[in-house]
Every structure is written in C-alpha cells, then in structure tokens.
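Q: If it helps, the file is called data_21.tsv and holds TSV, C-alpha atoms:
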chain	number	residue	atom	x	y	z
A	214	MET	CA	0.00	0.00	0.00
A	215	ILE	CA	2.79	2.41	0.92
A	216	HIS	CA	4.57	1.62	-2.34
A	217	ILE	CA	1.41	2.43	-4.32
A	218	VAL	CA	1.02	5.77	-2.52
A	219	VAL	CA	4.68	6.64	-3.16
A	220	ILE	CA	4.35	5.73	-6.82
A	221	LEU	CA	1.17	7.83	-7.16
A	222	MET	CA	2.77	10.80	-5.43
A	223	ALA	CA	5.84	10.50	-7.64
A	224	ALA	CA	3.64	10.33	-10.74
A	225	VAL	CA	1.68	13.40	-9.62
A	226	CYS	CA	4.89	15.36	-8.91
A	227	TYR	CA	6.40	14.34	-12.23
A	228	SER	CA	3.25	15.25	-14.15
A	229	SER	CA	3.02	18.60	-12.36
A	230	ALA	CA	6.67	19.35	-13.09
A	231	VAL	CA	6.22	18.51	-16.78
A	232	PHE	CA	3.06	20.63	-16.98
A	233	LEU	CA	4.71	23.64	-15.34
A	234	ALA	CA	7.80	23.26	-17.51
A	235	CYS	CA	5.64	23.21	-20.64
A	236	GLN	CA	3.69	26.24	-19.41
A	237	TRP	CA	6.94	28.15	-18.90
A	238	TYR	CA	9.27	26.97	-21.65
A	239	VAL	CA	6.94	26.17	-24.55
A	240	PRO	CA	5.60	29.76	-24.89
A	241	LEU	CA	9.15	31.10	-24.74
A	242	ILE	CA	10.30	28.72	-27.46
A	243	ARG	CA	7.26	29.46	-29.60
A	244	ASN	CA	7.74	33.22	-29.18
A	245	ALA	CA	11.37	32.89	-30.26
A	246	PHE	CA	10.27	31.12	-33.44
A	247	GLN	CA	7.31	33.47	-33.89
A	248	LYS	CA	9.23	36.78	-33.86
A	249	PRO	CA	10.27	36.65	-37.55
A	250	ILE	CA	6.74	35.60	-38.50
A	251	GLU	CA	5.29	38.51	-36.50
A	252	ARG	CA	7.46	40.98	-38.42
A	253	GLN	CA	6.34	39.46	-41.70
A	254	ILE	CA	2.67	39.51	-40.66
A	255	LEU	CA	3.03	43.20	-39.75
A	256	ARG	CA	4.56	43.95	-43.15
A	257	ALA	CA	1.89	41.88	-44.91
A	258	THR	CA	-0.93	43.80	-43.20
A	259	GLU	CA	0.69	47.09	-44.24
A	260	ILE	CA	0.46	46.15	-47.91
A	261	GLY	CA	-3.13	44.95	-47.83
A	262	PHE	CA	-3.33	41.42	-46.40
A	263	VAL	CA	-5.93	40.65	-43.72
A	264	GLU	CA	-4.20	39.97	-40.39
A	265	ASP	CA	-6.81	37.53	-39.06
A	266	ASN	CA	-6.54	35.36	-42.18
A	267	LEU	CA	-2.75	35.27	-41.89
A	268	ARG	CA	-2.83	34.31	-38.22
A	269	ASN	CA	-5.45	31.63	-38.77
A	270	THR	CA	-3.40	30.18	-41.62
A	271	THR	CA	-0.24	30.22	-39.50
A	272	PHE	CA	-1.98	28.49	-36.60
A	273	ALA	CA	-3.46	25.85	-38.93
A	274	LEU	CA	-0.01	25.15	-40.40
A	275	GLU	CA	1.48	24.80	-36.93
A	276	VAL	CA	-1.19	22.37	-35.72
A	277	LEU	CA	-1.09	20.33	-38.93
A	278	SER	CA	2.70	20.11	-38.93
A	279	ILE	CA	2.80	19.04	-35.27
A	280	ILE	CA	0.19	16.31	-35.87
A	281	VAL	CA	1.90	15.00	-39.00
A	282	LEU	CA	5.37	15.12	-37.48
A	283	SER	CA	4.19	13.41	-34.30
A	284	TRP	CA	2.76	10.55	-36.36
A	285	LEU	CA	5.85	10.31	-38.57
A	286	ALA	CA	8.13	10.39	-35.53
A	287	TYR	CA	6.19	7.55	-33.94
A	288	VAL	CA	6.13	5.40	-37.11
A	289	TYR	CA	9.33	6.14	-39.02
A	290	MET	CA	11.58	8.80	-37.55
A	291	GLY	CA	13.73	9.19	-34.50
A	292	PHE	CA	14.45	12.32	-32.48
A	293	VAL	CA	17.14	13.77	-34.77
A	294	LEU	CA	15.19	13.36	-38.00
A	295	SER	CA	11.98	14.66	-36.41
A	296	LEU	CA	13.81	17.74	-35.12
A	297	ALA	CA	15.33	18.41	-38.56
A	298	VAL	CA	11.97	18.15	-40.31
A	299	PHE	CA	10.30	20.33	-37.67
A	300	ALA	CA	12.97	23.04	-38.12
A	301	ILE	CA	12.46	22.93	-41.89
A	302	VAL	CA	8.68	23.24	-41.50
A	303	LEU	CA	9.05	26.24	-39.19
A	304	HIS	CA	11.41	28.03	-41.57
A	305	LEU	CA	9.23	27.12	-44.54
A	306	ARG	CA	6.50	29.37	-43.12
A	307	SER	CA	8.91	32.29	-43.31
A	308	LEU	CA	9.74	31.53	-46.94
A	309	ILE	CA	6.04	31.35	-47.82
A	310	PHE	CA	5.36	34.73	-46.20
A	311	SER	CA	8.40	36.24	-47.93
A	312	TRP	CA	7.13	35.03	-51.29
A	313	MET	CA	3.66	36.45	-50.59
A	314	ILE	CA	5.08	39.84	-49.54
A	315	GLU	CA	7.43	40.07	-52.53
A	316	SER	CA	4.62	39.18	-54.95
A	317	ARG	CA	2.28	41.79	-53.44
A	318	GLU	CA	4.99	44.50	-53.46
A	319	ARG	CA	5.74	43.71	-57.12
A	320	LEU	CA	2.03	44.02	-57.92
A	321	LEU	CA	1.75	47.32	-56.03
A	322	ARG	CA	4.73	48.77	-57.92
A	323	SER	CA	3.13	47.80	-61.22
A	324	GLN	CA	-0.20	49.30	-60.18
A	325	THR	CA	1.51	52.50	-59.01
A	326	LEU	CA	2.86	52.98	-62.54
A	327	GLY	CA	-0.63	52.60	-64.03
A	328	PHE	CA	-2.08	54.86	-61.35
A	329	THR	CA	0.49	57.56	-62.11
A	330	THR	CA	-0.30	57.39	-65.82
A	331	GLY	CA	-4.03	57.67	-65.07
A	332	ILE	CA	-3.59	60.66	-62.75
A	333	MET	CA	-1.42	62.43	-65.32
A	334	GLY	CA	-4.02	61.84	-68.05
A	335	LEU	CA	-6.83	63.21	-65.90
A	336	THR	CA	-4.89	66.32	-64.90
A	337	ARG	CA	-4.01	66.94	-68.55
A	338	GLY	CA	-7.73	66.72	-69.30
A	339	GLY	CA	-8.40	69.72	-67.06
A	340	LEU	CA	-9.20	68.15	-63.69
A	341	ASN	CA	-7.42	69.25	-60.55
A	342	LEU	CA	-5.69	66.71	-58.32
A	343	SER	CA	-8.63	66.26	-55.94
A	344	GLN	CA	-11.04	65.60	-58.81
A	345	ALA	CA	-8.54	63.24	-60.42
A	346	PHE	CA	-8.32	61.20	-57.19
A	347	GLU	CA	-12.11	61.08	-56.93
A	348	THR	CA	-12.41	59.91	-60.53
A	349	ILE	CA	-9.69	57.28	-60.53
A	350	ALA	CA	-10.39	55.87	-57.05
A	351	THR	CA	-12.99	53.34	-58.21
A	352	GLU	CA	-11.08	52.48	-61.40
A	353	THR	CA	-7.81	51.45	-59.75
A	354	ALA	CA	-7.40	47.70	-59.31
A	355	LYS	CA	-6.98	46.18	-55.86
A	356	PRO	CA	-4.99	46.19	-53.62
A	357	LEU	CA	-3.81	49.70	-54.53
A	358	GLY	CA	-7.40	50.67	-55.27
A	359	ASN	CA	-8.37	50.20	-51.61
A	360	LEU	CA	-5.70	52.70	-50.55
A	361	VAL	CA	-6.73	55.22	-53.22
A	362	ILE	CA	-10.37	54.94	-52.12
A	363	ARG	CA	-9.23	55.58	-48.54
A	364	ILE	CA	-7.36	58.70	-49.64
A	365	ALA	CA	-10.42	59.96	-51.54
A	366	ASN	CA	-12.74	59.28	-48.58
A	367	ASP	CA	-10.39	61.04	-46.11
A	368	HIS	CA	-10.18	64.04	-48.41
A	369	ARG	CA	-13.96	64.07	-48.81
A	370	ARG	CA	-14.30	64.26	-45.01
A	371	GLY	CA	-12.18	67.41	-44.93
A	372	ARG	CA	-8.64	66.08	-44.51
A	373	PRO	CA	-6.05	67.87	-46.68
A	374	LEU	CA	-5.13	65.80	-49.73
A	375	ALA	CA	-1.39	66.01	-49.09
A	376	GLU	CA	-1.86	64.79	-45.51
A	377	ALA	CA	-4.13	61.91	-46.59
A	378	ILE	CA	-1.66	60.77	-49.25
A	379	ASP	CA	1.28	61.00	-46.86
A	380	ALA	CA	-0.54	58.87	-44.27
A	381	VAL	CA	-0.89	56.08	-46.82
A	382	ARG	CA	2.77	56.49	-47.80
A	383	VAL	CA	3.86	56.00	-44.18
A	384	GLN	CA	1.74	52.84	-43.89
A	385	LEU	CA	2.70	51.34	-47.26
A	386	ARG	CA	6.47	52.01	-47.12
A	387	LEU	CA	6.87	51.25	-50.82
A	388	ASP	CA	9.59	53.06	-52.75
A	389	SER	CA	7.59	53.64	-55.95
A	390	PHE	CA	4.55	55.00	-54.10
A	391	SER	CA	6.79	57.13	-51.87
A	392	LEU	CA	8.32	58.69	-55.00
A	393	LEU	CA	4.87	59.51	-56.32
A	394	VAL	CA	3.72	61.00	-53.02
A	395	THR	CA	6.89	63.08	-52.66
A	396	SER	CA	6.44	64.55	-56.14
A	397	ILE	CA	2.76	65.36	-55.54
A	398	THR	CA	3.48	66.88	-52.12
A	399	CYS	CA	6.28	69.08	-53.48
A	400	ALA	CA	4.05	70.22	-56.35
A	401	LEU	CA	1.23	71.10	-53.94
A	402	LYS	CA	3.42	72.92	-51.41
A	403	GLN	CA	5.78	74.72	-53.79
A	404	GLY	CA	3.28	75.46	-56.55
A	405	SER	CA	5.39	73.80	-59.23
A	406	SER	CA	4.04	72.08	-62.31
A	407	LEU	CA	2.16	68.95	-61.28
A	408	GLU	CA	2.21	67.59	-64.82
A	409	ALA	CA	6.00	67.85	-65.03
A	410	SER	CA	6.38	66.15	-61.65
A	411	LEU	CA	4.07	63.29	-62.64
A	412	LEU	CA	5.87	62.91	-65.95
A	413	GLY	CA	9.20	62.52	-64.15
A	414	VAL	CA	7.68	59.96	-61.77
A	415	GLN	CA	6.19	58.03	-64.70
A	416	GLU	CA	9.52	57.87	-66.52
A	417	SER	CA	11.33	56.76	-63.35
A	418	LEU	CA	8.77	54.04	-62.64
A	419	GLU	CA	8.85	52.85	-66.25
A	420	HIS	CA	12.66	52.51	-66.10
A	421	ARG	CA	12.40	50.60	-62.82
A	422	ASP	CA	9.66	48.33	-64.13
A	423	HIS	CA	11.70	47.58	-67.24
A	424	ALA	CA	14.82	46.85	-65.15
A	425	GLU	CA	12.85	44.60	-62.80
A	426	ARG	CA	11.33	42.62	-65.69
A	427	LEU	CA	14.75	42.29	-67.31
A	428	LEU	CA	16.32	41.09	-64.07
A	429	TYR	CA	13.53	38.57	-63.52
A	430	SER	CA	13.89	37.21	-67.05
A	431	LYS	CA	17.65	36.84	-66.66
A	432	THR	CA	17.31	34.95	-63.37
A	433	SER	CA	14.33	32.81	-64.43
A	434	SER	CA	16.57	29.99	-65.71
A	435	ALA	CA	18.48	29.95	-62.41
A	436	ARG	CA	15.20	29.80	-60.47
A	437	ALA	CA	14.01	26.91	-62.62
A	438	THR	CA	17.31	25.10	-62.02
A	439	ILE	CA	16.93	25.50	-58.26
A	440	LEU	CA	13.40	24.08	-58.39
A	441	ILE	CA	14.54	21.10	-60.46
A	442	LEU	CA	17.52	20.37	-58.22
A	443	SER	CA	15.45	20.75	-55.05
A	444	GLY	CA	13.04	18.10	-56.27
A	445	THR	CA	15.73	15.66	-57.38
A	446	THR	CA	16.53	14.18	-53.96
A	447	PRO	CA	12.90	13.64	-52.85
A	448	GLY	CA	12.17	12.31	-56.31
A	449	PHE	CA	14.91	9.70	-56.06
A	450	PHE	CA	13.71	8.67	-52.61
A	451	LEU	CA	10.16	8.21	-53.90
A	452	LEU	CA	11.36	6.33	-56.97
A	453	PHE	CA	13.47	3.94	-54.91
A	454	TRP	CA	10.62	3.53	-52.43
A	455	PHE	CA	8.26	2.44	-55.23
A	456	MET	CA	10.90	0.12	-56.70
A	457	MET	CA	12.35	-1.30	-53.46
A	458	PRO	CA	10.16	-0.35	-50.48
A	459	ASN	CA	11.87	-2.79	-48.11
A	460	SER	CA	15.32	-1.35	-48.82
A	461	ILE	CA	14.16	2.22	-48.20
A	462	ASN	CA	12.40	1.20	-45.00
A	463	LEU	CA	15.74	-0.07	-43.69
A	464	ILE	CA	17.02	3.50	-43.69
A	465	PHE	CA	14.33	4.55	-41.23
A	466	GLN	CA	14.88	1.50	-39.03
A	467	THR	CA	18.48	2.40	-38.10
A	468	GLU	CA	19.75	5.43	-36.20
A	469	ALA	CA	22.53	6.00	-38.72
A	470	GLY	CA	20.02	6.03	-41.59
A	471	LYS	CA	17.77	8.51	-39.80
A	472	LYS	CA	20.69	10.84	-39.09
A	473	LEU	CA	21.79	10.54	-42.72
A	474	VAL	CA	18.33	11.51	-43.97
A	475	ALA	CA	18.24	14.43	-41.50
A	476	ALA	CA	21.63	15.67	-42.77
A	477	VAL	CA	20.50	15.36	-46.40
A	478	LEU	CA	17.29	17.28	-45.73
A	479	LEU	CA	19.08	20.08	-43.87
A	480	LEU	CA	21.76	20.43	-46.55
A	481	MET	CA	19.17	20.40	-49.34
A	482	TYR	CA	16.92	22.95	-47.65
A	483	GLY	CA	19.88	25.13	-46.66
A	484	GLY	CA	21.06	25.13	-50.28
A	485	ILE	CA	17.61	26.15	-51.51
A	486	ALA	CA	17.32	28.99	-48.98
A	487	TRP	CA	20.85	30.22	-49.73
A	488	SER	CA	20.25	30.11	-53.50
A	489	ARG	CA	17.05	32.05	-53.04
A	490	GLN	CA	18.90	34.75	-51.10
A	491	LEU	CA	21.51	35.00	-53.86
A	492	LEU	CA	18.80	35.47	-56.50
A	493	ASN	CA	16.83	37.96	-54.39
A	494	ILE	CA	18.46	41.02	-55.95
A	495	LYS	CA	16.89	44.31	-54.95
The structure in this file should be written as structure tokens.
A:
Amino acid sequence: MIHIVVILMAAVCYSSAVFLACQWYVPLIRNAFQKPIERQILRATEIGFVEDNLRNTTFALEVLSIIVLSWLAYVYMGFVLSLAVFAIVLHLRSLIFSWMIESRERLLRSQTLGFTTGIMGLTRGGLNLSQAFETIATETAKPLGNLVIRIANDHRRGRPLAEAIDAVRVQLRLDSFSLLVTSITCALKQGSSLEASLLGVQESLEHRDHAERLLYSKTSSARATILILSGTTPGFFLLFWFMMPNSINLIFQTEAGKKLVAAVLLLMYGGIAWSRQLLNIK
C-alpha cells in the first residue's frame, strides 16, 4: 500500500513538473520562433493582407505540422530526423510569407505605374488633383485601389489631400509609391508644375519596371534550375521507395540512416534557402 502511494505521489509530482515546464518553456520557445513571423505579418498587413486570415493560416499550419510530425516520428523517424523536419517546416513558413510579400509588393509597384499614368491623363484633361483622385479611385485595381479609395474618402471628409496621401505612404512604405507622393506633395506645397512632376515619376517608374522585368527574365533559368535540383533528392527517394520499399524502410529503421536523412534534408533545404537569397536582388 505504501509503495502504491509513493508511486502515485511520484507520478503526480512528475506530471506537475512537466506541466509547469511546458507552461513556462513552450511559450518562450514558440515566441522565439514566432518573432520573424510577426514581423512578416506586420509587413503583410501594411500592404493589404488581412491579419486575421494570416494568423489563422499560420496556426493551422502549426497544428497540422505538429500532428503529422508526431505521427511520422512515432512510425518512421527518431528524435534527430523529427527535429530536422520540424525546423524545416518552421522556416518554410517564413519563406512562404516572404514570397507572398514580394509578390504583393511587385504588384503594387506595377499598379503604381498605371495609377500615375491615369492621374497624369486626368490632370491633362483639365481636372485638378482632388477631382482626379475622386475619378480614378474606383477604377484602380486592388490592392492599390483600396488605398486610393481611402485617400479619396479622407479628403472628402475634410482632410487635406497632401496629408491623406502622406498617411498612406507612411503605412505602405513602398519606394515607388513614396516617390509619387513626394512629387505630388512638393508640387502642392511649392506650386510647381504637377504635370512635369508626374511625368518625371512616370519615366522613373517605367525605367524601374523595365529593369525589374529584365532582371527577372535573366534569373528565371536559375530559379528553374533551383526548383529542379530541389526536387531531385525527394524524387529519387520516392522512386526507390516504389521500386524497393523494403530497402528504403531499412534507412528509417536504423539510427545512422535517420541521421543521414536528416543531414541530407538540412543540406538540401539550406542550399535552396541560400540560393534564393543569392537570386533575391533588390
């Protein structure tokens, strides 16, 4: 009887210690991994993404990855391989957010060029800047159109146009839009020619857009090569698994095989991330 009580007390103490440790350490670990994601979520919301959707997607990815990795760790993988795959999954979220942000910023730069051309055409037609913003607000494609509508609504409520435009510039933090806002603000404050300022902005944005398209076309073959090489190793594993499933299963039944697979995955993923950084020319 005494032994049973001692065992129960020891089990309760151990369970309590594990629970308290998880309550203390797990949030700290998660916050350490979450800091880069938080910065990316903040940047994504600035350029038009919905924060709640991003957080729900992130949480769903975390839960799904933990469930899948727990099952794989129980069936196939040991501690080292599970840890390697979990680290890759965590960093993969950051790469996905980076790709989303870069795609949206590229779209906004392209829309800023079209918006500048439209504003210049309307001002040449005899409209002042306020009327041009009112006219083009509903014609500008999203996501830039939402910001233009916000500027028009703020100005309609009595806010000065220069102040409304500058508020969007501070939120967006996009170089092409900042150039446009700076030119418009200088023209409004100094009384200079708005048409000449917009023409200079249009030419600058056209040169940048041409350079960006040229750079993307020159690096497209390298990006395709990275994608092909990154799929080669998993492809070989799948091919050998279909041809000789018993031989591949032996890899996951030995500690040396699991460590080898973990090293291969880390080297492959590290090479992909490094290559992506090299091709990410600003």
Q: What's around stretch 409-414 of chain A at 7 Å? Count only C-alpha atoms, leave out sequence neighbours fewer than 6 positions away in its own chain, and write the answer as an MDAnalysis selection string.
A: chainID A and resid 329 333 392:393 396
Q: Quick one: residues within 12 Å of A:Arg436, only C-alpha atoms, excluding same-chain residues fewer than 6 positions away - as JSON, numbers by chain?
A: {"A": [428, 429, 430, 442, 443, 485, 486, 488, 489, 490, 491, 492, 493]}
Q: Selected residues, C-alpha atoms, written as an mmCIF file, in the frame of the given file, please.
A:
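Result file is part-v7.cif:
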data_model
loop_
_atom_site.group_PDB
_atom_site.id
_atom_site.type_symbol
_atom_site.label_atom_id
_atom_site.label_comp_id
_atom_site.auth_asym_id
_atom_site.auth_seq_id
_atom_site.Cartn_x
_atom_site.Cartn_y
_atom_site.Cartn_z
ATOM 1 C CA LEU A 428 16.320 41.090 -64.070
ATOM 2 C CA TYR A 429 13.530 38.570 -63.520
ATOM 3 C CA SER A 430 13.890 37.210 -67.050
ATOM 4 C CA LEU A 442 17.520 20.370 -58.220
ATOM 5 C CA SER A 443 15.450 20.750 -55.050
ATOM 6 C CA ILE A 485 17.610 26.150 -51.510
ATOM 7 C CA ALA A 486 17.320 28.990 -48.980
ATOM 8 C CA SER A 488 20.250 30.110 -53.500
ATOM 9 C CA ARG A 489 17.050 32.050 -53.040
ATOM 10 C CA GLN A 490 18.900 34.750 -51.100
ATOM 11 C CA LEU A 491 21.510 35.000 -53.860
ATOM 12 C CA LEU A 492 18.800 35.470 -56.500
ATOM 13 C CA ASN A 493 16.830 37.960 -54.390
#
Q: Looking at A:Ala476, A:Arg382, A:Ile397, A:Gly261, which one is nearest to A:Leu296, with distances taken over only C-alpha atoms?
A: A:Ala476
Q: Could you work out how far atom CA of A:Gln324 lies from atom CA of A:Val361, giving the answer in Å with one decimal?
A: 11.2 Å
Q: With distances taken over all atoms listed in the file, which of A:Ile332, A:Ile250, A:Val381, A:Ala375 is nearest to A:Leu308?
A: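 Looking only at the distances to A:Leu308, the closest residue turns out to be A:Ile250.
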Q: What separation in Å, quoted to one decimal, exists between atom CA of A:Gly331 and atom CA of A:Ser391?
A: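 These atoms are spaced 17.1 Å apart.
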Q: May I ask which of the residues A:Leu427, A:Glu416, A:Ile301, A:Thr432 is the closest one to A:Ala475, counting all atoms listed in the file?
A: A:Ile301
Q: Just how far from atom CA of A:Arg363 is atom CA of A:Gln403, in Å to one decimal?
A: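 About the pair atom CA of A:Gln403 and atom CA of A:Arg363: they are 24.9 Å apart.
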Q: Write out as a VMD selection string each polymer residue whose atoms come within 12 Å of A:Leu321, counting all atoms listed in the file; drop sequence neighbours fewer than 5 positions from it.
A: chain A and resid 259 to 261 314 to 316 326 to 329 353 to 361 385 to 391 418 422
Q: Tell me, as number ranges by chain, which residues lie within 10 Å of A:Asn366, counting only C-alpha atoms; anything in the same chain fewer than 3 positions away does not count.
A: A: 346-347, 350, 360-363, 369-372, 377
